[in-house]
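Asker: Below: one structure in structure tokens.
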Amino acid sequence: MLAMRLAKGVGKMSEWTPSQRRAVFDTDRSMVVAAGAGSGKTRVLVGRYLYLLESGLADLDEIVAITFTEKAATEMKGRVWSTIVQRQAEAEACGEDAGRWRDLSRRLASQARISTIDAFCSRLVRDYPLEAGVDPHFTVLDPLDASRLIDQAAMEAIDALIREGDENMARLIADFGVSRVAKGIAYVYGKMRTTGRPMQEFARISSEKIRRCAEESKDGLAEEWDDIVDTLAAGGADVGLLCALDWDSPEFIEEFLKIHSTAQPVRSVVTAKELDKIAKQVREKAANFVYADMMVSTVETVVRACEVLDETYLWLRGNGASMDFAGLELAARDLLRDTDAGERVRKQIKFVMVDEYQDTNSLQHEIVMELAGDPPGNRLFIVGDVKQSIYGFRGAEVEVFKGAMDDAQMDGGYAGMEDLGQNFR
Ligand SMILES: Nc1ncnc2c1ncn2[C@@H]1O[C@H](COP(=O)(O)OP(=O)(O)OP(=O)(O)O)[C@@H](O)[C@H]1O
Ligand SMILES: [Mg+2]
């Protein structure tokens, strides 16, 4: 009965499709809705929000709804408000008790937690400044100002490393010029923050990847080596010295290129195409292991520069008197993950709903999962569309949404996947 009444109230048209109905009313489990543009994802999310209120499963301040923009948050509040007002009128017309609706409409503006993730984090951190380790009177930096300060801090980090005599930094600047290096460092810094992982972990993982790739390239080359030597020899090259050289030495690739240039196609024995192919094979593979040490130490230098950037950026922001969005998200994640206050917040929130999940980055995903708890039971509801992801927007990775879809499919015990199908626009 309740479901039927709600179905009438949400949106102009009265019907839900069967899959929409499941997404709105099946509140026994968490759900990931992955569906195309105009299929009703946002409408369903609002419908479920209202159903949670209407059925008494949660009160206003027990549901966190995350939208992508401020405008979407305002629209969603508007839709919730008009439905509540409609319910109040319906109850009054039927002579039923409209007290609950009157109460909800009065409290909606101040108590509903419908906002962007940044606004949610800002509010959370402001509520618990001590626990979050932030200045209680912090102001929020405009993203453009934040990026200007990060660029300035990147330049200062480069200066600091040059003063320390860092040879990798000197080489990077000689190769690419200072402004491109500064841009690169600022970019890596931004990326690292949106993954939410410590910088040293990033250095460790990158170095491991480089080493692994070097080993794989070496193994691959070893498999092809006999054929490569035969092809060069068939082309008339003297391969003696090349075969004696250690593959890790920089001379190896130089000698290979020298020898290769002396090899010539020989009719019906070796073609120019085959010779080109081995040049490409060896160059690509050898680069991965010959330069592995240099790449590892360059990663270490870049991460060290990011650490100096971070300290300088903090100082430029008056030691945290002003915060940027990524900083607020990091503080919110730490608060939720590591503190008793975070535990209290998690207990207080019964349901977490997120729209446009394809544009969520790893750090934001962590915040959502911290809020929903592990396992999330029936508390989590996320909707998105893989096809609509704005690649790289503030570190957004469509892989984050795809990961959530996989999780939902793997564990039917607490989660479900729903595809709404048709487009209503
Ligand atoms: N079952 C339905 N009956 C009638 N209209 C519907 C139904 N479901 C959705 N709509 C309408 O279709 C339009 C698109 O819905 P909505 O904005 O919720 O889609 P969406 O999946 O969130 O789209 P996007 O991917 O662009 O965010 C809206 O006008 C909505 O009211
Ligand atoms: Mg939508």
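Labeling convention for the structure tokens: chains A, B, ... as they appear, residues from 1 per chain, ligands from 1 in order of appearance.
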Applying 12 Å and only C-alpha atoms, which residues near Ser268 in chain A remain after dropping the ones on its own chain fewer than 4 positions away? List them as a count of residues only.

Answerer: 4

Asker: Against ligand 2, which residues of chain A fall within 12 Å? For each one I want the closest pair of atoms and the distance in Å (one decimal), counting only C-alpha atoms and all ligand atoms, rows by chain and increasing residue number, as a Markdown table.

Answerer:
| residue | atom | partner | partner_atom_place_in_ligand_line | distance |
| --- | --- | --- | --- | --- |
| A:Val33 | CA | ligand 2 | 1 (Mg) | 11.2 |
| A:Ala34 | CA | ligand 2 | 1 (Mg) | 11.1 |
| A:Ala35 | CA | ligand 2 | 1 (Mg) | 9.8 |
| A:Gly36 | CA | ligand 2 | 1 (Mg) | 9.2 |
| A:Ala37 | CA | ligand 2 | 1 (Mg) | 7.2 |
| A:Gly38 | CA | ligand 2 | 1 (Mg) | 6.9 |
| A:Ser39 | CA | ligand 2 | 1 (Mg) | 8.2 |
| A:Gly40 | CA | ligand 2 | 1 (Mg) | 6.8 |
| A:Lys41 | CA | ligand 2 | 1 (Mg) | 5.3 |
| A:Thr42 | CA | ligand 2 | 1 (Mg) | 4.1 |
| A:Arg43 | CA | ligand 2 | 1 (Mg) | 7.2 |
| A:Val44 | CA | ligand 2 | 1 (Mg) | 9.1 |
| A:Leu45 | CA | ligand 2 | 1 (Mg) | 8.8 |
| A:Val46 | CA | ligand 2 | 1 (Mg) | 10.1 |
| A:Ile66 | CA | ligand 2 | 1 (Mg) | 11.9 |
| A:Thr67 | CA | ligand 2 | 1 (Mg) | 9.2 |
| A:Phe68 | CA | ligand 2 | 1 (Mg) | 9.4 |
| A:Thr69 | CA | ligand 2 | 1 (Mg) | 11.2 |
| A:Ala72 | CA | ligand 2 | 1 (Mg) | 8.9 |
| A:Ala73 | CA | ligand 2 | 1 (Mg) | 11.5 |
| A:Glu75 | CA | ligand 2 | 1 (Mg) | 11.4 |
| A:Met76 | CA | ligand 2 | 1 (Mg) | 10.7 |
| A:Val354 | CA | ligand 2 | 1 (Mg) | 10.4 |
| A:Asp355 | CA | ligand 2 | 1 (Mg) | 6.7 |
| A:Glu356 | CA | ligand 2 | 1 (Mg) | 6.6 |
| A:Tyr357 | CA | ligand 2 | 1 (Mg) | 10.0 |
| A:Gln358 | CA | ligand 2 | 1 (Mg) | 11.1 |
| A:Ile382 | CA | ligand 2 | 1 (Mg) | 11.2 |
| A:Val383 | CA | ligand 2 | 1 (Mg) | 8.2 |
| A:Gly384 | CA | ligand 2 | 1 (Mg) | 7.7 |
| A:Asp385 | CA | ligand 2 | 1 (Mg) | 8.9 |
| A:Gln388 | CA | ligand 2 | 1 (Mg) | 10.3 |
| A:Asn423 | CA | ligand 2 | 1 (Mg) | 11.5 |
| A:Phe424 | CA | ligand 2 | 1 (Mg) | 11.6 |
| A:Arg425 | CA | ligand 2 | 1 (Mg) | 11.5 |

Asker: So that I have them on file, write out the residues from the current selection with C-alpha atoms, as a PDB file, in the first residue's frame.

Answerer:
ATOM      1  CA  VAL A  33      22.296   0.553 -10.400  1.00  0.00           C
ATOM      2  CA  ALA A  34      24.246   0.703 -13.642  1.00  0.00           C
ATOM      3  CA  ALA A  35      22.090   2.052 -16.426  1.00  0.00           C
ATOM      4  CA  GLY A  36      22.194   4.377 -19.397  1.00  0.00           C
ATOM      5  CA  ALA A  37      21.314   8.065 -19.787  1.00  0.00           C
ATOM      6  CA  GLY A  38      17.703   8.965 -19.134  1.00  0.00           C
ATOM      7  CA  SER A  39      16.818   5.548 -17.739  1.00  0.00           C
ATOM      8  CA  GLY A  40      15.561   7.051 -14.495  1.00  0.00           C
ATOM      9  CA  LYS A  41      18.559   6.554 -12.171  1.00  0.00           C
ATOM     10  CA  THR A  42      18.190   9.900 -10.420  1.00  0.00           C
ATOM     11  CA  ARG A  43      14.410   9.548 -10.285  1.00  0.00           C
ATOM     12  CA  VAL A  44      14.822   6.108  -8.715  1.00  0.00           C
ATOM     13  CA  LEU A  45      17.355   7.415  -6.197  1.00  0.00           C
ATOM     14  CA  VAL A  46      14.951  10.158  -5.117  1.00  0.00           C
ATOM     15  CA  ILE A  66      25.512  12.553  -2.462  1.00  0.00           C
ATOM     16  CA  THR A  67      24.897  14.344  -5.751  1.00  0.00           C
ATOM     17  CA  PHE A  68      27.437  15.452  -8.323  1.00  0.00           C
ATOM     18  CA  THR A  69      26.755  19.203  -8.304  1.00  0.00           C
ATOM     19  CA  ALA A  72      21.585  18.637  -8.469  1.00  0.00           C
ATOM     20  CA  ALA A  73      21.502  18.745  -4.647  1.00  0.00           C
ATOM     21  CA  GLU A  75      16.924  20.027  -7.271  1.00  0.00           C
ATOM     22  CA  MET A  76      16.792  16.866  -5.221  1.00  0.00           C
ATOM     23  CA  VAL A 354      25.235   8.342  -4.382  1.00  0.00           C
ATOM     24  CA  ASP A 355      24.263   9.611  -7.834  1.00  0.00           C
ATOM     25  CA  GLU A 356      26.667   9.778 -10.847  1.00  0.00           C
ATOM     26  CA  TYR A 357      28.999   7.209  -9.315  1.00  0.00           C
ATOM     27  CA  GLN A 358      31.002   6.881 -12.533  1.00  0.00           C
ATOM     28  CA  ILE A 382      24.749   3.868  -5.818  1.00  0.00           C
ATOM     29  CA  VAL A 383      23.782   4.706  -9.367  1.00  0.00           C
ATOM     30  CA  GLY A 384      25.903   5.504 -12.398  1.00  0.00           C
ATOM     31  CA  ASP A 385      26.556   5.036 -16.071  1.00  0.00           C
ATOM     32  CA  GLN A 388      28.984   8.956 -19.081  1.00  0.00           C
ATOM     33  CA  ASN A 423      15.586   5.665 -21.966  1.00  0.00           C
ATOM     34  CA  PHE A 424      12.679   7.954 -20.996  1.00  0.00           C
ATOM     35  CA  ARG A 425      13.952  11.132 -22.620  1.00  0.00           C
TER      36      ARG A 425
END

Asker: Looking at only C-alpha atoms, which of A:Val352, A:Cys121, A:Ala404, A:Val140 is the one that sits closest to Leu371 in chain A?

Answerer: A:Val352

Asker: Set the distance at 9 Å and use only C-alpha atoms: which residues neighbour Asp97 in chain A once local chain neighbours fewer than 5 positions away are removed? I'd like the list as a PyMOL selection string.

Answerer: chain A and resi 88+91-92

Asker: As number ranges by chain, please: all residues of range 88-317 of chain A that backbone DSSP puts in helix (DSSP H, G or I).

Answerer: A: 88-93, 99-111, 117-127, 129-132, 143-163, 167-176, 178-195, 199-234, 240-244, 250-262, 272-290, 292-316

Asker: Please provide the set of residues having any atom within 10 Å of Tyr49 in chain A, restricted to only C-alpha atoms, with same-chain residues fewer than 4 positions apart removed, written as a list of chain:residue names.

Answerer: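 Near neighbours after the sequence-gap exclusion: A:Val24, A:Phe25, A:Arg43, A:Val44, A:Leu45, A:Leu53, A:Glu54, A:Ala58, A:Leu60, A:Ile63, A:Val64, A:Ala65, A:Met76, A:Val80, A:Phe351, A:Val352, A:Met353, A:Phe381.
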
Asker: Output N, CA and C atoms of each residue in that selection to a file, as an mmCIF file, in the first residue's frame.

Answerer:
data_model
loop_
_atom_site.group_PDB
_atom_site.id
_atom_site.type_symbol
_atom_site.label_atom_id
_atom_site.label_comp_id
_atom_site.auth_asym_id
_atom_site.auth_seq_id
_atom_site.Cartn_x
_atom_site.Cartn_y
_atom_site.Cartn_z
ATOM 1 N N VAL A 24 13.749 0.940 -6.217
ATOM 2 C CA VAL A 24 13.173 1.889 -5.250
ATOM 3 C C VAL A 24 12.770 1.185 -3.948
ATOM 4 N N PHE A 25 12.094 0.070 -4.100
ATOM 5 C CA PHE A 25 11.436 -0.499 -2.913
ATOM 6 C C PHE A 25 12.151 -1.670 -2.254
ATOM 7 N N ARG A 43 15.809 9.622 -10.723
ATOM 8 C CA ARG A 43 14.410 9.548 -10.285
ATOM 9 C C ARG A 43 14.236 8.392 -9.285
ATOM 10 N N VAL A 44 14.893 7.272 -9.586
ATOM 11 C CA VAL A 44 14.822 6.108 -8.715
ATOM 12 C C VAL A 44 15.506 6.400 -7.372
ATOM 13 N N LEU A 45 16.628 7.090 -7.433
ATOM 14 C CA LEU A 45 17.355 7.415 -6.197
ATOM 15 C C LEU A 45 16.488 8.298 -5.287
ATOM 16 N N LEU A 53 12.083 7.466 4.003
ATOM 17 C CA LEU A 53 11.452 8.393 4.959
ATOM 18 C C LEU A 53 10.024 7.960 5.251
ATOM 19 N N GLU A 54 9.317 7.697 4.169
ATOM 20 C CA GLU A 54 7.891 7.396 4.271
ATOM 21 C C GLU A 54 7.626 6.112 5.068
ATOM 22 N N ALA A 58 14.108 5.371 8.032
ATOM 23 C CA ALA A 58 15.139 6.337 8.428
ATOM 24 C C ALA A 58 14.540 7.719 8.558
ATOM 25 N N LEU A 60 15.332 12.054 8.438
ATOM 26 C CA LEU A 60 16.069 12.937 7.522
ATOM 27 C C LEU A 60 17.580 12.911 7.713
ATOM 28 N N ILE A 63 19.958 9.747 6.530
ATOM 29 C CA ILE A 63 20.241 9.373 5.127
ATOM 30 C C ILE A 63 21.218 10.396 4.547
ATOM 31 N N VAL A 64 22.320 9.906 4.027
ATOM 32 C CA VAL A 64 23.254 10.791 3.327
ATOM 33 C C VAL A 64 23.052 10.545 1.836
ATOM 34 N N ALA A 65 22.693 11.614 1.110
ATOM 35 C CA ALA A 65 22.544 11.491 -0.351
ATOM 36 C C ALA A 65 23.572 12.403 -0.997
ATOM 37 N N MET A 76 17.248 18.048 -5.948
ATOM 38 C CA MET A 76 16.792 16.866 -5.221
ATOM 39 C C MET A 76 16.045 17.285 -3.955
ATOM 40 N N VAL A 80 12.160 16.356 -3.045
ATOM 41 C CA VAL A 80 11.794 15.721 -1.775
ATOM 42 C C VAL A 80 10.778 16.598 -1.058
ATOM 43 N N PHE A 351 21.597 5.135 5.925
ATOM 44 C CA PHE A 351 21.623 4.860 4.478
ATOM 45 C C PHE A 351 22.512 5.865 3.737
ATOM 46 N N VAL A 352 23.236 5.352 2.759
ATOM 47 C CA VAL A 352 24.126 6.195 1.950
ATOM 48 C C VAL A 352 23.740 6.008 0.482
ATOM 49 N N MET A 353 23.446 7.113 -0.180
ATOM 50 C CA MET A 353 23.034 7.017 -1.586
ATOM 51 C C MET A 353 23.909 7.954 -2.411
ATOM 52 N N PHE A 381 23.412 2.543 -1.645
ATOM 53 C CA PHE A 381 22.683 2.579 -2.922
ATOM 54 C C PHE A 381 23.419 3.527 -3.846
#

Asker: Rank nothing, just name the residue among A:Val368, A:Ile253, A:Leu221, A:Leu420 nearest to ligand 1, using only C-alpha atoms and all ligand atoms.

Answerer: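 Looking only at the distances to ligand 1, the closest residue turns out to be A:Leu420.
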
Asker: Out of A:Ala203, A:Asp61, A:Val302, A:Ala214, which residue has the shortest atom-to-atom distance to Ser110 in chain A when counting only C-alpha atoms?

Answerer: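 When distances to Ser110 in chain A are compared using only C-alpha atoms, the smallest one comes from A:Asp61.
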
Asker: Under the rule that only C-alpha atoms are counted, which of A:Pro136, A:Gly318, A:Gly99, A:Gly196 is the nearest residue to His365 in chain A?

Answerer: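 Using only C-alpha atoms, His365 in chain A sits closest to A:Gly196.
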
Asker: Arg304 in chain A: which residues within 12 Å, counting only C-alpha atoms, same-chain residues fewer than 3 positions away excluded, as a list in words?

Answerer: Ala154, Ala157, Ile158, Ala160, Leu161, Ile162, Glu164, Asp166, Asn168, Met169, Ile185, Val188, Tyr189, Met199, Gln200, Phe202, Ala203, Ser297, Thr298, Val299, Glu300, Thr301, Glu307, Val308, Leu309, Asp310 and Glu311 of chain A

Asker: For the selection you just gave me, I'd like the residues written to a file as a short mmCIF file (atom, residue, chain, number, x, y, z; two decimals), in the first residue's frame, keeping N, CA and C atoms.

Answerer:
data_model
loop_
_atom_site.label_atom_id
_atom_site.label_comp_id
_atom_site.auth_asym_id
_atom_site.auth_seq_id
_atom_site.Cartn_x
_atom_site.Cartn_y
_atom_site.Cartn_z
N ALA A 154 54.96 23.74 -6.21
CA ALA A 154 55.75 22.82 -7.06
C ALA A 154 57.06 23.48 -7.46
N ALA A 157 59.31 23.43 -4.55
CA ALA A 157 59.83 22.08 -4.30
C ALA A 157 61.00 21.79 -5.24
N ILE A 158 60.87 22.21 -6.50
CA ILE A 158 61.96 22.00 -7.45
C ILE A 158 63.21 22.74 -6.98
N ALA A 160 64.01 23.55 -3.98
CA ALA A 160 64.56 22.90 -2.78
C ALA A 160 65.39 21.67 -3.18
N LEU A 161 64.89 20.88 -4.12
CA LEU A 161 65.62 19.67 -4.51
C LEU A 161 66.91 20.01 -5.26
N ILE A 162 66.85 21.05 -6.05
CA ILE A 162 68.08 21.49 -6.75
C ILE A 162 69.12 21.95 -5.72
N GLU A 164 69.37 20.88 -2.76
CA GLU A 164 69.88 19.67 -2.09
C GLU A 164 70.86 18.90 -2.97
N ASP A 166 69.99 17.32 -5.90
CA ASP A 166 69.35 16.13 -6.48
C ASP A 166 69.65 16.05 -7.98
N ASN A 168 68.76 13.78 -10.24
CA ASN A 168 67.61 13.44 -11.09
C ASN A 168 66.80 14.68 -11.44
N MET A 169 66.63 15.53 -10.44
CA MET A 169 65.85 16.75 -10.69
C MET A 169 66.58 17.62 -11.70
N ILE A 185 54.91 17.56 -11.71
CA ILE A 185 54.92 17.27 -10.27
C ILE A 185 53.56 17.63 -9.65
N VAL A 188 51.13 14.87 -10.60
CA VAL A 188 51.31 13.64 -9.81
C VAL A 188 50.80 13.85 -8.38
N TYR A 189 51.09 15.03 -7.83
CA TYR A 189 50.64 15.35 -6.47
C TYR A 189 49.10 15.24 -6.38
N MET A 199 52.12 8.88 0.11
CA MET A 199 53.01 9.09 -1.04
C MET A 199 54.09 8.02 -1.13
N GLN A 200 54.62 7.60 0.02
CA GLN A 200 55.69 6.59 -0.03
C GLN A 200 55.18 5.26 -0.59
N PHE A 202 52.99 5.06 -2.90
CA PHE A 202 52.97 5.28 -4.34
C PHE A 202 54.36 5.01 -4.92
N ALA A 203 55.41 5.50 -4.22
CA ALA A 203 56.79 5.28 -4.68
C ALA A 203 57.09 3.79 -4.71
N SER A 297 64.81 5.72 -9.57
CA SER A 297 65.29 6.87 -8.80
C SER A 297 64.58 8.15 -9.23
N THR A 298 64.09 8.19 -10.48
CA THR A 298 63.32 9.38 -10.88
C THR A 298 61.97 9.41 -10.14
N VAL A 299 61.36 8.23 -10.01
CA VAL A 299 60.09 8.17 -9.25
C VAL A 299 60.34 8.65 -7.82
N GLU A 300 61.45 8.19 -7.23
CA GLU A 300 61.75 8.60 -5.85
C GLU A 300 61.92 10.12 -5.76
N THR A 301 62.57 10.66 -6.77
CA THR A 301 62.75 12.12 -6.78
C THR A 301 61.41 12.84 -6.91
N GLU A 307 56.41 15.48 -1.66
CA GLU A 307 56.38 15.65 -0.20
C GLU A 307 56.74 17.09 0.18
N VAL A 308 57.76 17.62 -0.50
CA VAL A 308 58.15 19.01 -0.21
C VAL A 308 57.02 19.94 -0.65
N LEU A 309 56.42 19.64 -1.82
CA LEU A 309 55.28 20.43 -2.29
C LEU A 309 54.18 20.46 -1.23
N ASP A 310 53.88 19.28 -0.69
CA ASP A 310 52.81 19.16 0.30
C ASP A 310 53.06 20.05 1.53
N GLU A 311 54.31 19.99 2.02
CA GLU A 311 54.66 20.84 3.18
C GLU A 311 54.55 22.32 2.83
#

Asker: At a cut-off of 9 Å, using only C-alpha atoms, what residues contact Val398 in chain A? Leave out same-chain residues fewer than 5 positions from it and give the result as a list in words.

Answerer: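 Counting only the stated atoms, we get Tyr357, Gln358, Asp359, Thr360, Asn361, Val386, Lys387, Ser389, Ile390, Tyr391, Gly392 and Gly403 of chain A.
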
Asker: How would the residues just chosen look if you wrote them out with N, CA and C atoms as a PDB file, in the first residue's frame?

Answerer:
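Produced file out-v2.pdb, reproduced below:
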ATOM      1  N   TYR A 357      27.847   7.864  -9.949  1.00  0.00           N
ATOM      2  CA  TYR A 357      28.999   7.209  -9.315  1.00  0.00           C
ATOM      3  C   TYR A 357      30.180   7.017 -10.267  1.00  0.00           C
ATOM      4  N   GLN A 358      29.904   7.075 -11.584  1.00  0.00           N
ATOM      5  CA  GLN A 358      31.002   6.881 -12.533  1.00  0.00           C
ATOM      6  C   GLN A 358      32.041   7.995 -12.411  1.00  0.00           C
ATOM      7  N   ASP A 359      31.689   9.098 -11.764  1.00  0.00           N
ATOM      8  CA  ASP A 359      32.646  10.197 -11.625  1.00  0.00           C
ATOM      9  C   ASP A 359      33.261  10.263 -10.233  1.00  0.00           C
ATOM     10  N   THR A 360      33.248   9.135  -9.543  1.00  0.00           N
ATOM     11  CA  THR A 360      33.804   9.083  -8.189  1.00  0.00           C
ATOM     12  C   THR A 360      35.257   8.617  -8.244  1.00  0.00           C
ATOM     13  N   ASN A 361      36.130   9.275  -7.496  1.00  0.00           N
ATOM     14  CA  ASN A 361      37.527   8.813  -7.465  1.00  0.00           C
ATOM     15  C   ASN A 361      37.746   7.850  -6.292  1.00  0.00           C
ATOM     16  N   VAL A 386      28.545   3.901 -16.815  1.00  0.00           N
ATOM     17  CA  VAL A 386      29.932   3.801 -17.266  1.00  0.00           C
ATOM     18  C   VAL A 386      30.180   4.710 -18.480  1.00  0.00           C
ATOM     19  N   LYS A 387      29.193   4.780 -19.378  1.00  0.00           N
ATOM     20  CA  LYS A 387      29.383   5.524 -20.638  1.00  0.00           C
ATOM     21  C   LYS A 387      29.474   7.032 -20.424  1.00  0.00           C
ATOM     22  N   SER A 389      31.174   8.650 -18.028  1.00  0.00           N
ATOM     23  CA  SER A 389      32.227   9.108 -17.119  1.00  0.00           C
ATOM     24  C   SER A 389      33.036  10.229 -17.758  1.00  0.00           C
ATOM     25  N   ILE A 390      33.343  11.235 -16.929  1.00  0.00           N
ATOM     26  CA  ILE A 390      34.180  12.345 -17.386  1.00  0.00           C
ATOM     27  C   ILE A 390      35.590  11.934 -17.025  1.00  0.00           C
ATOM     28  N   TYR A 391      36.283  11.355 -18.004  1.00  0.00           N
ATOM     29  CA  TYR A 391      37.554  10.721 -17.663  1.00  0.00           C
ATOM     30  C   TYR A 391      38.509  11.694 -16.984  1.00  0.00           C
ATOM     31  N   GLY A 392      39.004  11.263 -15.844  1.00  0.00           N
ATOM     32  CA  GLY A 392      40.051  12.031 -15.178  1.00  0.00           C
ATOM     33  C   GLY A 392      39.563  13.247 -14.418  1.00  0.00           C
ATOM     34  N   GLY A 403      34.463  -1.433 -10.361  1.00  0.00           N
ATOM     35  CA  GLY A 403      34.812  -2.263  -9.206  1.00  0.00           C
ATOM     36  C   GLY A 403      33.596  -2.473  -8.312  1.00  0.00           C
TER      37      GLY A 403
END

Asker: Between A:Glu329, A:Glu215, A:Asp118, A:Glu397, which is the closest to Asp248 in chain A once you count only C-alpha atoms?

Answerer: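 Checking each candidate against Asp248 in chain A, we get A:Glu215 as the closest.
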
Asker: Using only C-alpha atoms for the distances, tell me which of A:Arg344, A:Lys350, A:Arg267, A:Arg379 is nearest to Arg113 in chain A.

Answerer: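 Of A:Arg344, A:Lys350, A:Arg267, A:Arg379, the one nearest Arg113 in chain A is A:Lys350, counting only C-alpha atoms.
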
Asker: Please measure the separation of CA of Gly165 in chain A and CA of Arg148 in chain A, giving the value in Å to one decimal.

Answerer: 26.3 Å

Asker: Name all residues at most 7 Å from Ser105 in chain A (count only C-alpha atoms; drop same-chain ones fewer than 3 positions away) and give them as a short mmCIF file (atom, residue, chain, number, x, y, z; two decimals) with N, CA and C atoms, in the first residue's frame.

Answerer:
data_model
loop_
_atom_site.label_atom_id
_atom_site.label_comp_id
_atom_site.auth_asym_id
_atom_site.auth_seq_id
_atom_site.Cartn_x
_atom_site.Cartn_y
_atom_site.Cartn_z
N TRP A 81 11.07 17.90 -1.06
CA TRP A 81 10.20 18.83 -0.35
C TRP A 81 8.79 18.82 -0.95
N ILE A 84 6.92 15.75 0.05
CA ILE A 84 6.52 15.78 1.47
C ILE A 84 5.28 16.67 1.65
N VAL A 85 5.30 17.82 0.97
CA VAL A 85 4.17 18.75 1.07
C VAL A 85 2.90 18.09 0.51
N TRP A 101 4.44 14.64 8.40
CA TRP A 101 4.82 15.36 7.17
C TRP A 101 5.11 16.82 7.47
N ARG A 102 4.32 17.41 8.34
CA ARG A 102 4.54 18.81 8.73
C ARG A 102 5.94 18.92 9.37
N LEU A 108 13.36 19.81 6.89
CA LEU A 108 14.09 19.40 5.68
C LEU A 108 15.31 20.29 5.39
#

Asker: Could you check how far CA of Asp324 in chain A sits from CA of Arg337 in chain A, in Å to one decimal?

Answerer: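 Interatomic distance, CA of Asp324 in chain A to CA of Arg337 in chain A: 19.9 Å.
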